[in-house]
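Peer 1: Here it is, the structure in full.
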Amino acid sequence: MMASAPRLNPTSVEDYLAGEQHSKMKHEYVAGKVYAMVGGRYRHNLIASNVLGELHAQLKGKPCRALNSDSKVRVQTGTWTRFYYPDASVVCGKNLKDGVFQDKPTIVAEVLSESTRRTDEGEKLEAYRQIETLSVYMMFEQNGPAAVVYRRSGTEFLCEVYSDPESMIRLPEVGVELRLASVYEEVDFVAESEDL
């Protein structure tokens, strides 16, 4: 008689959120499974900080706010729930001020790396597009000044590609413009051979 494989019980949303409150490490949650996040290297963090800094500076005095990678985003459909920690996001809608996640971002930004590219360009792209309030999903390369931007147009998301350092990513949805050269300011593309 063949023994059946042990069945792993999925983690509930409530248990995941409670665990994150006390965890020293961040975890993403995908339909009952919890995945530990690995910290990014210097180049990744510098690009993410530049994006956040530009968004923060240009949103002063406006109703939207830029949030860093410590702010979880919840993606929920009728059949599954996911929690991600994007590198930066912009939230214009009201969330509980003491809430532990955001579920109405207008903009989400990720910095791509070899270890996260497949997830950022596939799973997260599909998930983020399910958020009704999301207008723009931006992905920034680490190995050269380039960005791929998915912008909502009706019921679809149209893809825009930016590779000229003088390119301007216009975000009229929140009244911001990101110059690619500013996103990559002080980034040395030779110093690190491979980033996380």
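Numbering starts fresh at 1 for the residues of each chain in the structure tokens, the chains themselves are lettered A, B, ... in the order given, and ligands are numbered from 1 as they appear.
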Return as a count of residues only the full set of residues in segment 14-190 of chain A whose backbone-based DSSP assignment is alpha helix (DSSP H).
Peer 2: 38
Peer 1: Do a neighbour search on Ala48 of chain A at 9 Å with only C-alpha atoms, toss out local chain neighbours closer than 5 positions, and write the hits as a ChimeraX atom specification.
Peer 2: /A:43,53,68-69,87-88,109-111,140,183
Peer 1: Store the residues of this selection in a file with C-alpha atoms, as a PDB file, in the first residue's frame.
Peer 2:
ATOM      1  CA  ARG A  43      22.306  49.334  -6.698  1.00  0.00           C
ATOM      2  CA  GLY A  53      12.605  60.388  -3.434  1.00  0.00           C
ATOM      3  CA  ASN A  68       8.502  52.846   0.652  1.00  0.00           C
ATOM      4  CA  SER A  69       9.100  49.101   0.500  1.00  0.00           C
ATOM      5  CA  ASP A  87       9.860  48.905  -3.910  1.00  0.00           C
ATOM      6  CA  ALA A  88       7.693  52.051  -4.006  1.00  0.00           C
ATOM      7  CA  ALA A 109       7.101  50.444  -8.803  1.00  0.00           C
ATOM      8  CA  GLU A 110       9.506  47.505  -8.726  1.00  0.00           C
ATOM      9  CA  VAL A 111      13.257  47.360  -9.407  1.00  0.00           C
ATOM     10  CA  PHE A 140      13.078  49.653 -13.522  1.00  0.00           C
ATOM     11  CA  VAL A 183      16.004  57.632 -11.235  1.00  0.00           C
TER      12      VAL A 183
END
Peer 1: Pick out the residues sitting within 6 Å of segment 19-31 of chain A, and hand them over as a ChimeraX atom specification; count only C-alpha atoms, and ignore anything fewer than 5 positions along from it in its own chain.
Peer 2: /A:36-37,80-84
Peer 1: Could you please take those selected residues and save N, CA and C atoms as a PDB file, in the first residue's frame?
Peer 2:
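To be explicit, this is the file written out as again.pdb:
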ATOM      1  N   ALA A  36       9.826  34.193   2.138  1.00  0.00           N
ATOM      2  CA  ALA A  36      10.749  35.165   2.729  1.00  0.00           C
ATOM      3  C   ALA A  36      11.356  36.023   1.629  1.00  0.00           C
ATOM      4  N   MET A  37      11.550  37.291   1.920  1.00  0.00           N
ATOM      5  CA  MET A  37      12.157  38.206   0.957  1.00  0.00           C
ATOM      6  C   MET A  37      13.637  38.373   1.268  1.00  0.00           C
ATOM      7  N   TRP A  80      -8.515  34.411  -4.490  1.00  0.00           N
ATOM      8  CA  TRP A  80      -7.225  34.392  -3.804  1.00  0.00           C
ATOM      9  C   TRP A  80      -6.874  35.763  -3.245  1.00  0.00           C
ATOM     10  N   THR A  81      -5.920  35.744  -2.305  1.00  0.00           N
ATOM     11  CA  THR A  81      -5.386  36.976  -1.700  1.00  0.00           C
ATOM     12  C   THR A  81      -3.874  36.904  -1.763  1.00  0.00           C
ATOM     13  N   ARG A  82      -3.254  38.031  -2.093  1.00  0.00           N
ATOM     14  CA  ARG A  82      -1.792  38.127  -2.108  1.00  0.00           C
ATOM     15  C   ARG A  82      -1.366  39.410  -1.412  1.00  0.00           C
ATOM     16  N   PHE A  83      -0.182  39.371  -0.799  1.00  0.00           N
ATOM     17  CA  PHE A  83       0.428  40.554  -0.211  1.00  0.00           C
ATOM     18  C   PHE A  83       1.841  40.660  -0.767  1.00  0.00           C
ATOM     19  N   TYR A  84       2.173  41.822  -1.319  1.00  0.00           N
ATOM     20  CA  TYR A  84       3.509  42.086  -1.854  1.00  0.00           C
ATOM     21  C   TYR A  84       4.072  43.337  -1.189  1.00  0.00           C
TER      22      TYR A  84
END
Peer 1: For a test of reading the model, state the distance in Å between atom CA of Glu160 of chain A and atom CA of Asn50 of chain A, rounded to one decimal.
Peer 2: 20.2 Å
Peer 1: Restricting the calculation to only C-alpha atoms: of A:Phe157, A:Met139, A:Gln130, A:Leu59, which residue gets closest to Arg118 of chain A?
Peer 2: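 Result for the nearest residue to Arg118 of chain A: A:Met139.
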Peer 1: From the set A:Glu166, A:Asp15, A:Glu114, A:Asp70, which residue has the shortest atom-to-atom contact distance to Val100 of chain A, counting only C-alpha atoms?
Peer 2: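 Nearest candidate to Val100 of chain A out of A:Glu166, A:Asp15, A:Glu114, A:Asp70: A:Asp70.
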Peer 1: Record the distance separating atom CA of Gly144 of chain A and atom CA of Pro165 of chain A, expressed in Å with one decimal.
Peer 2: 9.4 Å
Peer 1: Have a look at A:Val51, A:Thr11, A:Cys159, A:Asp164 and name the one nearest to Val108 of chain A; count only C-alpha atoms.
Peer 2: A:Val51
Peer 1: Provide the atom CA of Leu55 of chain A to atom CA of Ser89 of chain A distance in Å, to one decimal place.
Peer 2: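 A separation of 8.8 Å between them.
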Peer 1: Just list the residues in segment 47-157 of chain A DSSP gives strand (DSSP E or B) on the backbone, as a ChimeraX atom specification.
Peer 2: /A:65-67,72-76,81-84,88-91,101-102,105-111,136-140,147-153,156-157
Peer 1: I need the residue nearest Tyr128 of chain A from this list: A:Glu54, A:Asp103, A:Glu14, A:Asp188. Use only C-alpha atoms for the distance.
Peer 2: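 Using only C-alpha atoms, the shortest distance to Tyr128 of chain A belongs to A:Asp103.
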Peer 1: Considering only C-alpha atoms, can you say which of A:Val73, A:Leu171, A:Val176, A:Val34 comes closest to Gly99 of chain A?
Peer 2: A:Val73
Peer 1: Determine the nearest neighbour of Val13 of chain A from the options A:Leu46, A:Ala57, A:Leu112, A:Val75, counting only C-alpha atoms.
Peer 2: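 Between A:Leu46, A:Ala57, A:Leu112, A:Val75, the residue approaching Val13 of chain A most closely is A:Val75.
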Peer 1: Could you pull the residues within 6 Å of Arg151 of chain A, counting only C-alpha atoms, minus those fewer than 6 positions along the same chain, as a list of chain:residue names?
Peer 2: A:Ser135, A:Val136, A:Phe157, A:Leu158
Peer 1: So which residues touch Gln102 of chain A within 8 Å, counting only C-alpha atoms, skipping near sequence neighbours fewer than 6 positions away, as a PDB file with N, CA and C atoms, in the first residue's frame?
Peer 2:
ATOM      1  N   SER A  71       5.804  49.111   3.071  1.00  0.00           N
ATOM      2  CA  SER A  71       4.344  49.149   3.003  1.00  0.00           C
ATOM      3  C   SER A  71       3.827  48.027   2.103  1.00  0.00           C
ATOM      4  N   LYS A  72       3.106  47.093   2.698  1.00  0.00           N
ATOM      5  CA  LYS A  72       2.525  45.978   1.948  1.00  0.00           C
ATOM      6  C   LYS A  72       1.364  46.470   1.088  1.00  0.00           C
ATOM      7  N   VAL A  73       1.182  45.808  -0.053  1.00  0.00           N
ATOM      8  CA  VAL A  73       0.020  46.027  -0.903  1.00  0.00           C
ATOM      9  C   VAL A  73      -0.760  44.722  -0.948  1.00  0.00           C
ATOM     10  N   ARG A  74      -2.058  44.803  -0.681  1.00  0.00           N
ATOM     11  CA  ARG A  74      -2.914  43.620  -0.765  1.00  0.00           C
ATOM     12  C   ARG A  74      -3.580  43.582  -2.133  1.00  0.00           C
ATOM     13  N   VAL A  91      -0.186  56.095  -3.074  1.00  0.00           N
ATOM     14  CA  VAL A  91      -1.554  55.840  -2.634  1.00  0.00           C
ATOM     15  C   VAL A  91      -2.303  57.159  -2.588  1.00  0.00           C
ATOM     16  N   ASN A  95      -6.920  54.834   3.307  1.00  0.00           N
ATOM     17  CA  ASN A  95      -6.755  53.565   4.012  1.00  0.00           C
ATOM     18  C   ASN A  95      -6.749  53.907   5.488  1.00  0.00           C
TER      19      ASN A  95
END
